[in-house]
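What follows is the content of start-v3.txt (compact mmCIF, C-alpha atoms and all ligand atoms).
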```txt
# COMPACT_ATOMS: atom_id res chain seq x y z
CA MET M 18 -82.05 120.27 -56.54
CA LEU M 19 -82.33 121.58 -52.96
CA PHE M 20 -84.89 123.98 -51.52
CA ASP M 21 -84.42 125.94 -48.29
CA ALA M 22 -87.91 126.68 -46.98
CA HIS M 23 -86.76 129.23 -44.40
CA ASN M 24 -83.75 131.41 -43.70
CA HIS M 25 -82.65 135.02 -43.05
CA LEU M 26 -79.94 135.65 -45.64
CA GLN M 27 -80.35 139.40 -45.07
CA ALA M 28 -79.00 139.12 -41.50
CA LYS M 29 -76.32 141.60 -40.48
CA ARG M 30 -74.34 138.73 -38.98
CA PHE M 31 -73.46 137.64 -42.55
CA ALA M 32 -71.50 140.88 -42.79
CA GLY M 33 -72.32 141.57 -46.44
CA ARG M 34 -70.88 138.23 -47.65
CA GLN M 35 -74.19 136.99 -49.13
CA ALA M 36 -73.00 136.58 -52.74
CA GLU M 37 -70.01 134.52 -51.60
CA LEU M 38 -72.17 132.35 -49.32
CA LEU M 39 -74.73 131.73 -52.08
CA ALA M 40 -71.94 130.61 -54.41
CA GLU M 41 -71.09 127.93 -51.84
CA CYS M 42 -74.66 126.57 -51.71
CA GLU M 43 -74.17 123.54 -53.91
CA GLY M 44 -77.30 122.22 -55.62
CA LEU M 45 -79.47 125.04 -54.28
CA SER M 46 -82.51 125.80 -56.39
CA ARG M 47 -84.36 128.30 -54.21
CA MET M 48 -84.45 129.66 -50.69
CA VAL M 49 -87.19 131.61 -48.93
CA VAL M 50 -85.53 134.63 -47.31
CA ASN M 51 -87.70 136.00 -44.52
CA GLY M 52 -87.82 139.65 -43.57
CA CYS M 53 -88.81 140.30 -39.97
CA ALA M 54 -89.56 144.05 -39.75
CA GLU M 55 -89.93 147.15 -41.88
CA GLU M 56 -86.22 147.75 -41.32
CA ASP M 57 -85.02 144.65 -43.19
CA TRP M 58 -87.66 144.35 -45.95
CA PRO M 59 -85.59 146.53 -48.35
CA GLN M 60 -82.54 144.27 -47.84
CA VAL M 61 -84.62 141.15 -48.58
CA ALA M 62 -85.96 142.82 -51.74
CA ALA M 63 -82.41 143.76 -52.82
CA LEU M 64 -81.17 140.18 -52.36
CA ALA M 65 -84.06 138.86 -54.45
CA LYS M 66 -83.24 141.33 -57.19
CA ALA M 67 -79.57 140.31 -57.24
CA HIS M 68 -80.00 136.52 -56.88
CA PRO M 69 -82.64 134.44 -58.67
CA GLN M 70 -82.36 131.72 -55.98
CA VAL M 71 -83.87 134.12 -53.44
CA LEU M 72 -87.62 134.07 -53.00
CA PRO M 73 -88.38 137.10 -50.85
CA SER M 74 -90.81 137.01 -47.95
CA PHE M 75 -92.05 140.05 -46.05
CA GLY M 76 -93.64 140.06 -42.62
CA TYR M 77 -93.54 141.26 -39.03
CA HIS M 78 -91.94 138.76 -36.67
CA PRO M 79 -93.31 138.81 -33.09
CA TRP M 80 -89.86 139.72 -31.72
CA PHE M 81 -89.92 143.01 -33.61
CA ILE M 82 -93.55 144.18 -33.62
CA HIS M 83 -92.73 146.82 -30.99
CA GLU M 84 -90.77 148.59 -33.77
CA ARG M 85 -93.74 148.83 -36.12
CA THR M 86 -94.69 152.25 -37.48
CA GLY M 87 -98.25 153.55 -37.82
CA ASN M 88 -98.34 152.59 -41.49
CA TRP M 89 -96.66 149.19 -41.31
CA GLU M 90 -99.60 147.50 -43.03
CA SER M 91 -99.52 149.77 -46.06
CA GLU M 92 -95.72 149.34 -46.19
CA LEU M 93 -96.18 145.56 -46.20
CA ASN M 94 -98.74 145.82 -48.98
CA ARG M 95 -96.37 148.07 -50.92
CA PHE M 96 -93.60 145.43 -50.77
CA LEU M 97 -96.03 142.68 -51.74
CA ASP M 98 -97.29 144.76 -54.68
CA ALA M 99 -93.76 145.38 -55.91
CA HIS M 100 -92.37 141.83 -55.67
CA PRO M 101 -93.56 138.28 -56.28
CA ALA M 102 -93.17 137.27 -52.63
CA SER M 103 -94.59 135.30 -49.75
CA VAL M 104 -95.67 136.59 -46.33
CA GLY M 105 -93.45 135.99 -43.31
CA GLU M 106 -91.98 135.64 -40.94
CA ILE M 107 -95.01 136.18 -38.74
CA GLY M 108 -96.03 134.40 -35.57
CA LEU M 109 -96.74 134.05 -31.88
CA ASP M 110 -94.13 133.74 -29.15
CA ARG M 111 -94.72 133.15 -25.44
CA TRP M 112 -91.25 131.70 -24.93
CA LYS M 113 -88.80 134.56 -25.37
CA GLU M 114 -87.94 136.18 -22.06
CA GLY M 115 -89.05 139.80 -21.70
CA LEU M 116 -91.11 139.72 -24.90
CA GLU M 117 -94.58 141.30 -24.66
CA TYR M 118 -97.42 139.06 -25.85
CA GLU M 119 -99.72 142.08 -26.07
CA GLY M 120 -100.30 143.00 -29.71
CA GLN M 121 -98.91 139.78 -31.16
CA GLU M 122 -102.27 138.24 -32.06
CA GLU M 123 -103.50 141.45 -33.66
CA VAL M 124 -100.41 141.80 -35.88
CA PHE M 125 -100.43 138.09 -36.69
CA THR M 126 -104.10 138.08 -37.70
CA ALA M 127 -103.76 141.25 -39.79
CA GLN M 128 -100.99 139.53 -41.78
CA LEU M 129 -103.05 136.35 -42.19
CA HIS M 130 -105.73 138.53 -43.78
CA ILE M 131 -103.27 140.20 -46.14
CA ALA M 132 -101.86 136.82 -47.22
CA ALA M 133 -105.30 135.25 -47.68
CA GLU M 134 -106.53 138.13 -49.84
CA ARG M 135 -103.53 137.68 -52.10
CA ASN M 136 -103.43 133.87 -51.83
CA LEU M 137 -99.79 134.02 -50.77
CA PRO M 138 -98.04 131.36 -48.70
CA VAL M 139 -97.28 132.35 -45.10
CA SER M 140 -94.27 131.40 -42.95
CA ILE M 141 -95.13 131.07 -39.28
CA HIS M 142 -92.96 131.07 -36.14
CA CYS M 143 -94.57 129.61 -33.02
CA LEU M 144 -93.00 129.08 -29.61
CA LYS M 145 -95.07 128.03 -26.60
CA ALA M 146 -98.33 129.29 -28.14
CA TRP M 147 -99.55 126.22 -30.03
CA GLY M 148 -103.06 126.10 -28.59
CA ARG M 149 -103.70 129.75 -29.44
CA LEU M 150 -102.13 129.36 -32.88
CA LEU M 151 -104.47 126.51 -33.71
CA GLU M 152 -107.49 128.56 -32.56
CA LEU M 153 -106.47 131.59 -34.63
CA LEU M 154 -105.81 129.47 -37.71
CA GLU M 155 -109.20 127.78 -37.27
CA GLN M 156 -110.83 131.22 -37.13
CA GLY M 157 -108.87 132.14 -40.25
CA PRO M 158 -108.66 133.42 -42.84
CA VAL M 159 -106.04 130.93 -43.99
CA THR M 160 -104.42 131.20 -47.39
CA ALA M 161 -105.89 128.62 -49.76
CA ARG M 162 -102.46 127.45 -50.95
CA GLY M 163 -101.30 126.74 -47.40
CA PHE M 164 -98.78 127.92 -44.82
CA LEU M 165 -95.45 126.85 -43.37
CA LEU M 166 -94.83 126.11 -39.71
CA HIS M 167 -91.09 126.63 -39.71
CA SER M 168 -88.99 124.63 -37.23
CA TYR M 169 -92.13 122.85 -36.12
CA GLY M 170 -91.93 122.31 -32.38
CA GLY M 171 -95.54 121.46 -31.59
CA SER M 172 -96.75 118.04 -30.58
CA ALA M 173 -97.00 115.03 -32.88
CA GLU M 174 -100.71 114.89 -32.04
CA MET M 175 -101.37 118.37 -33.44
CA ILE M 176 -99.85 117.60 -36.83
CA ALA M 177 -103.01 116.08 -38.35
CA LEU M 178 -105.19 119.02 -37.18
CA LEU M 179 -102.74 121.58 -38.56
CA ALA M 180 -102.27 119.69 -41.83
CA LYS M 181 -106.02 119.72 -42.33
CA LEU M 182 -105.88 123.53 -42.19
CA GLY M 183 -103.16 123.59 -44.87
CA ALA M 184 -99.93 123.37 -42.85
CA TYR M 185 -96.51 122.38 -44.15
CA PHE M 186 -93.79 121.56 -41.59
CA SER M 187 -90.09 122.31 -42.02
CA PHE M 188 -87.23 120.53 -40.33
CA PRO M 189 -84.16 122.61 -39.30
CA GLY M 190 -80.57 121.53 -38.66
CA TYR M 191 -80.86 122.34 -34.98
CA TYR M 192 -83.12 119.30 -34.62
CA MET M 193 -80.18 117.10 -35.61
CA ARG M 194 -79.16 117.41 -31.94
CA GLU M 195 -79.92 114.34 -29.89
CA ALA M 196 -81.59 116.50 -27.24
CA GLN M 197 -84.27 117.42 -29.79
CA GLY M 198 -85.66 113.88 -29.76
CA ARG M 199 -89.28 114.97 -29.24
CA GLN M 200 -89.20 117.28 -32.28
CA ARG M 201 -87.41 114.67 -34.38
CA GLU M 202 -90.03 112.11 -33.45
CA ALA M 203 -92.79 114.56 -34.49
CA PHE M 204 -91.25 114.86 -37.96
CA THR M 205 -91.69 111.17 -38.58
CA LYS M 206 -95.47 111.83 -38.28
CA VAL M 207 -95.63 114.61 -40.90
CA PRO M 208 -97.71 113.59 -43.95
CA PRO M 209 -95.35 112.87 -46.89
CA ASP M 210 -96.77 115.69 -48.98
CA ARG M 211 -96.29 118.31 -46.21
CA LEU M 212 -92.62 117.99 -45.32
CA LEU M 213 -90.07 120.73 -46.06
CA ILE M 214 -86.43 121.35 -45.08
CA GLU M 215 -84.85 124.57 -43.80
CA THR M 216 -81.60 126.02 -42.49
CA ASP M 217 -82.98 129.12 -40.69
CA ALA M 218 -79.44 130.43 -41.31
CA PRO M 219 -77.76 132.27 -39.60
CA ASP M 220 -79.65 130.64 -36.70
CA GLN M 221 -80.18 127.02 -35.65
CA LEU M 222 -76.61 125.80 -35.87
CA LEU M 223 -76.15 122.13 -36.64
CA PRO M 224 -74.31 120.00 -34.08
CA GLU M 225 -70.60 120.59 -34.62
CA GLU M 226 -69.80 117.11 -35.91
CA LEU M 227 -72.50 117.37 -38.61
CA ARG M 228 -71.69 120.94 -39.73
CA GLU M 229 -70.30 120.82 -43.27
CA HIS M 230 -69.74 124.55 -43.71
CA ALA M 231 -68.27 126.49 -40.81
CA LEU M 232 -68.88 130.23 -40.55
CA ASP M 233 -68.31 132.94 -37.94
CA ASP M 234 -69.96 136.30 -37.51
CA PRO M 235 -67.71 139.40 -37.32
CA GLU M 236 -67.39 138.92 -33.54
CA GLY M 237 -66.07 135.40 -34.07
CA ASN M 238 -69.22 133.58 -32.93
CA PRO M 239 -70.21 130.53 -34.98
CA ILE M 240 -73.33 131.02 -37.13
CA ASN M 241 -75.18 128.70 -39.49
CA HIS M 242 -73.96 128.77 -43.11
CA PRO M 243 -76.86 128.42 -45.60
CA ALA M 244 -74.83 125.76 -47.46
CA ASN M 245 -75.48 123.38 -44.56
CA LEU M 246 -78.82 122.71 -46.25
CA GLY M 247 -77.45 119.54 -47.87
CA ALA M 248 -76.42 118.17 -44.47
CA VAL M 249 -79.95 118.71 -43.15
CA TYR M 250 -81.41 116.85 -46.13
CA ARG M 251 -79.05 113.91 -45.57
CA PHE M 252 -79.85 113.73 -41.88
CA GLU M 253 -83.61 113.90 -42.47
CA ALA M 254 -83.40 111.17 -45.14
CA LYS M 255 -81.58 108.93 -42.68
CA MET M 256 -84.08 109.70 -39.94
CA LEU M 257 -87.02 108.83 -42.20
CA ASP M 258 -85.14 105.84 -43.63
CA GLU M 259 -85.81 107.14 -47.12
CA PRO M 260 -83.37 107.27 -50.08
CA LEU M 261 -81.95 110.77 -50.40
CA GLU M 262 -83.05 111.16 -54.05
CA LYS M 263 -86.59 110.26 -53.10
CA LEU M 264 -86.66 112.81 -50.28
CA GLU M 265 -85.18 115.47 -52.57
CA ALA M 266 -87.89 114.86 -55.17
CA ARG M 267 -90.63 114.92 -52.55
CA VAL M 268 -89.38 118.15 -50.92
CA GLU M 269 -89.12 119.78 -54.35
CA GLU M 270 -92.71 118.86 -55.15
CA ASN M 271 -93.91 120.12 -51.76
CA PHE M 272 -91.90 123.34 -52.02
CA LEU M 273 -93.26 124.11 -55.48
CA ARG M 274 -96.82 123.34 -54.41
CA LEU M 275 -96.55 125.88 -51.57
CA PHE M 276 -94.16 128.50 -52.97
CA GLY M 277 -94.27 127.85 -56.73
CA GLY M 278 -94.97 130.67 -59.14
CA LEU M 279 -93.37 133.33 -56.92
ZN ZN O 1 -86.81 132.54 -38.92
```
Can the structure in the file be given as structure tokens, please?
Amino acid sequence: MLFDAHNHLQAKRFAGRQAELLAECEGLSRMVVNGCAEEDWPQVAALAKAHPQVLPSFGYHPWFIHERTGNWESELNRFLDAHPASVGEIGLDRWKEGLEYEGQEEVFTAQLHIAAERNLPVSIHCLKAWGRLLELLEQGPVTARGFLLHSYGGSAEMIALLAKLGAYFSFPGYYMREAQGRQREAFTKVPPDRLLIETDAPDQLLPEELREHALDDPEGNPINHPANLGAVYRFEAKMLDEPLEKLEARVEENFLRLFGGL
């Protein structure tokens, strides 16, 4: 049984082929599908309704907070009232060119509060803002059941501090690239009970030679097929020098501890 801790199955780049793609996800038990803005929350909710594998997640991603309406918080609460769901994708980003940092901490913290009040897991994106993220998480509130740092790209040294606050860390296929050696090394330091696996599909393409399921967007650009999840598991097992069945069992336990019951 495989668990995808983070993807965006609602993405327009999948061109409405979600049912077909899900049918190709061999061994998939559940996937957390992350909404990023008020605009795509209804699509995430619709996918969850149609497919029991989909665990919906609603949140404002830092790339899209400039689109937020005056009542985005009540909209978020409305979606969380209506669906068993997690909160995300939320986060901080000082990496993306041209992206305003202004407002990011305020929106991030407001969503941490909403998640903590409801004791819902939170999926967090962080690029080049690790020091600030740690400070904000230390200030809290942090959901008692924990939170996910998806595609963890922070330092190996920070892992213990973040784990103490309740962090889980998920490994994406993009890190199968040799150039991602620093991130790969960090994953060998993740506590055994805090490791998760993700595709982040349609993003974070696997290196071509390790891609098991090819897929193009309507413009003909290669995108990540969610069925590549199995390939990421196999690579991570090899990297950790752990039998695949053992890793699968461990990831299942970790996934259900963080996201179970939703
Ligand atoms: Zn994402």
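Between M:Glu215 and the residues M:Val249, M:Leu39, M:Ala173, M:Leu232, the shortest atom-to-atom distance, using only C-alpha atoms, involves M:Val249.
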I'd like the interatomic distance between atom CA of M:Cys53 and atom CA of M:Trp112, to a tenth of an Å. 17.5 Å
Nearest-residue call for ligand ZN 1 (chain O), choices M:Asn245, M:Gln121, M:Ser140, M:Gln156, using all atoms listed in the file: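 Under the stated criterion, the closest residue is M:Ser140.
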Please, which residues have at least one atom within 7 Å of an atom of ligand ZN 1 (chain O), using all atoms listed in the file, listed as JSON, numbers by chain? {"M": [23, 24, 25, 51, 106, 142, 217]}
Put those residues in a file: C-alpha atoms, as a CSV table (one decimal), in the frame of the given file.
```csv
chain,number,residue,atom,x,y,z
M,23,HIS,CA,-86.8,129.2,-44.4
M,24,ASN,CA,-83.8,131.4,-43.7
M,25,HIS,CA,-82.6,135.0,-43.0
M,51,ASN,CA,-87.7,136.0,-44.5
M,106,GLU,CA,-92.0,135.6,-40.9
M,142,HIS,CA,-93.0,131.1,-36.1
M,217,ASP,CA,-83.0,129.1,-40.7
```
Between M:Gly52, M:Val71, M:Leu227, M:Glu122, which is the closest to M:Phe96 once you count only C-alpha atoms? M:Gly52
Report, as lines of an AutoDock Vina configuration file, the axis-aligned box around all atoms of stretch 58-74 of chain M present in the file, extended by 3 Å on each side; give centre and edge lengths in Å to one decimal place.
```
center_x = -85.2
center_y = 139.1
center_z = -52.3
size_x = 17.2
size_y = 20.8
size_z = 18.7
```
Extract, using only C-alpha atoms, all DNA, RNA and protein residues at most 10 Å from M:Ile240, discarding same-chain residues fewer than 2 positions from it, and format them as a ChimeraX atom specification. /M:30-31,218-223,230-234,237-238,242-243
Neighbour list for M:Trp58 as a list in words, cut-off 10 Å, all atoms listed in the file, skip fewer than 3 positions in-chain: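 Near M:Trp58, the qualifying residues are Gln27, Asn51, Gly52, Cys53, Ala54, Glu55, Val61, Ala62, Ala63, Pro73, Ser74, Phe75, Gly76, Tyr77, Glu92, Leu93 and Phe96 of chain M.
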Please, what distance in Å, to one decimal, runs between atom CA of M:Pro79 and atom CA of M:Ala133?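 That distance, rounded to one decimal, is 19.2 Å.
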Neighbours of M:Glu90 within 9 Å (all atoms listed in the file; same-chain residues fewer than 6 positions away dropped), as a list in words?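 Contacts, with the query itself left out: Ala127, Gln128 and Ile131 of chain M.
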Given the choices M:Phe20, M:Val124, M:Ala180, M:Glu134, which gets closest to M:Glu155 if the distance is worked out from all atoms listed in the file?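 Comparing M:Phe20, M:Val124, M:Ala180, M:Glu134 against M:Glu155, the winner is M:Ala180.
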Calculate how many Å separate atom CA of M:His167 from atom CA of M:Ser187, rounding to one decimal.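 Going from atom CA of M:His167 over to atom CA of M:Ser187 covers 5.0 Å.
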Near-M:Leu151 list (12 Å; all atoms listed in the file; drop same-chain fewer than 6 positions) as an NGL selection string: :M and (108-109 or 141 or 143 or 145 or 157 or 159 or 166 or 171-172 or 175-184)
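For the residues M:Leu264, M:Leu212, M:Ala146, M:Ala196, ranking by smallest atom-to-atom distance to M:Lys113 using only C-alpha atoms places M:Ala146 first.
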Which is closest to M:Leu246 among M:Lys263, M:Arg274, M:Lys206, M:Arg228, if we use all atoms listed in the file? M:Arg228
Because some atoms of stretch 103-114 of chain M are absent here, can you restore all heavy atoms and send them as a compact mmCIF listing (two decimals), keeping the file's coordinate frame?
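Wrote selection_16.txt, looks like this:
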```txt
# COMPACT_ATOMS: atom_id res chain seq x y z
N SER M 103 -93.68 135.91 -50.71
CA SER M 103 -94.59 135.30 -49.75
C SER M 103 -94.66 136.19 -48.51
O SER M 103 -93.98 137.21 -48.43
CB SER M 103 -94.14 133.87 -49.41
OG SER M 103 -92.91 133.89 -48.76
N VAL M 104 -95.49 135.81 -47.54
CA VAL M 104 -95.67 136.59 -46.33
C VAL M 104 -94.98 135.87 -45.17
O VAL M 104 -95.22 134.69 -44.93
CB VAL M 104 -97.17 136.80 -46.03
CG1 VAL M 104 -97.36 137.49 -44.68
CG2 VAL M 104 -97.83 137.62 -47.14
N GLY M 105 -94.12 136.57 -44.47
CA GLY M 105 -93.45 135.99 -43.31
C GLY M 105 -92.11 136.66 -43.09
O GLY M 105 -91.60 137.34 -43.98
N GLU M 106 -91.59 136.57 -41.95
CA GLU M 106 -91.98 135.64 -40.94
C GLU M 106 -92.92 136.31 -39.96
O GLU M 106 -92.65 137.40 -39.46
CB GLU M 106 -90.71 135.15 -40.23
CG GLU M 106 -90.91 134.29 -39.02
CD GLU M 106 -89.58 133.67 -38.57
OE1 GLU M 106 -88.53 133.89 -39.20
OE2 GLU M 106 -89.59 132.95 -37.56
N ILE M 107 -94.05 135.65 -39.69
CA ILE M 107 -95.01 136.18 -38.74
C ILE M 107 -95.17 135.12 -37.64
O ILE M 107 -94.66 134.01 -37.78
CB ILE M 107 -96.37 136.48 -39.42
CG1 ILE M 107 -97.14 135.20 -39.77
CG2 ILE M 107 -96.16 137.30 -40.70
CD1 ILE M 107 -98.57 135.46 -40.27
N GLY M 108 -95.86 135.45 -36.55
CA GLY M 108 -96.03 134.40 -35.57
C GLY M 108 -96.46 134.84 -34.19
O GLY M 108 -96.83 136.00 -33.96
N LEU M 109 -96.39 133.87 -33.29
CA LEU M 109 -96.74 134.05 -31.88
C LEU M 109 -95.60 133.48 -31.05
O LEU M 109 -95.08 132.41 -31.37
CB LEU M 109 -98.02 133.28 -31.54
CG LEU M 109 -99.29 133.64 -32.31
CD1 LEU M 109 -100.43 132.70 -31.87
CD2 LEU M 109 -99.70 135.10 -32.09
N ASP M 110 -95.24 134.20 -29.97
CA ASP M 110 -94.13 133.74 -29.15
C ASP M 110 -94.39 134.05 -27.67
O ASP M 110 -94.42 135.21 -27.28
CB ASP M 110 -92.82 134.41 -29.61
CG ASP M 110 -91.59 133.75 -29.03
OD1 ASP M 110 -91.61 133.42 -27.82
OD2 ASP M 110 -90.62 133.55 -29.78
N ARG M 111 -94.56 132.99 -26.89
CA ARG M 111 -94.72 133.15 -25.44
C ARG M 111 -93.52 132.57 -24.72
O ARG M 111 -93.55 132.32 -23.53
CB ARG M 111 -95.98 132.40 -24.99
CG ARG M 111 -97.24 133.22 -25.14
CD ARG M 111 -98.42 132.38 -24.72
NE ARG M 111 -99.59 133.20 -24.51
CZ ARG M 111 -100.82 132.78 -24.75
NH1 ARG M 111 -101.04 131.56 -25.22
NH2 ARG M 111 -101.84 133.58 -24.52
N TRP M 112 -92.45 132.34 -25.48
CA TRP M 112 -91.25 131.70 -24.93
C TRP M 112 -90.15 132.70 -24.61
O TRP M 112 -89.52 132.62 -23.56
CB TRP M 112 -90.75 130.66 -25.94
CG TRP M 112 -89.36 130.17 -25.71
CD1 TRP M 112 -88.97 129.21 -24.80
CD2 TRP M 112 -88.17 130.61 -26.37
NE1 TRP M 112 -87.61 129.04 -24.88
CE2 TRP M 112 -87.09 129.88 -25.82
CE3 TRP M 112 -87.90 131.55 -27.37
CZ2 TRP M 112 -85.77 130.06 -26.24
CZ3 TRP M 112 -86.59 131.74 -27.80
CH2 TRP M 112 -85.55 130.99 -27.23
N LYS M 113 -89.95 133.65 -25.51
CA LYS M 113 -88.80 134.56 -25.37
C LYS M 113 -88.94 135.44 -24.14
O LYS M 113 -89.94 136.15 -23.97
CB LYS M 113 -88.67 135.43 -26.62
CG LYS M 113 -87.33 136.17 -26.69
CD LYS M 113 -87.27 136.97 -27.98
CE LYS M 113 -86.17 137.99 -28.00
NZ LYS M 113 -84.82 137.41 -28.04
N GLU M 114 -87.92 135.43 -23.30
CA GLU M 114 -87.94 136.18 -22.06
C GLU M 114 -88.02 137.68 -22.33
O GLU M 114 -87.32 138.20 -23.19
CB GLU M 114 -86.66 135.89 -21.28
CG GLU M 114 -86.88 135.79 -19.80
CD GLU M 114 -85.60 135.41 -19.08
OE1 GLU M 114 -85.05 134.33 -19.38
OE2 GLU M 114 -85.17 136.20 -18.23
```
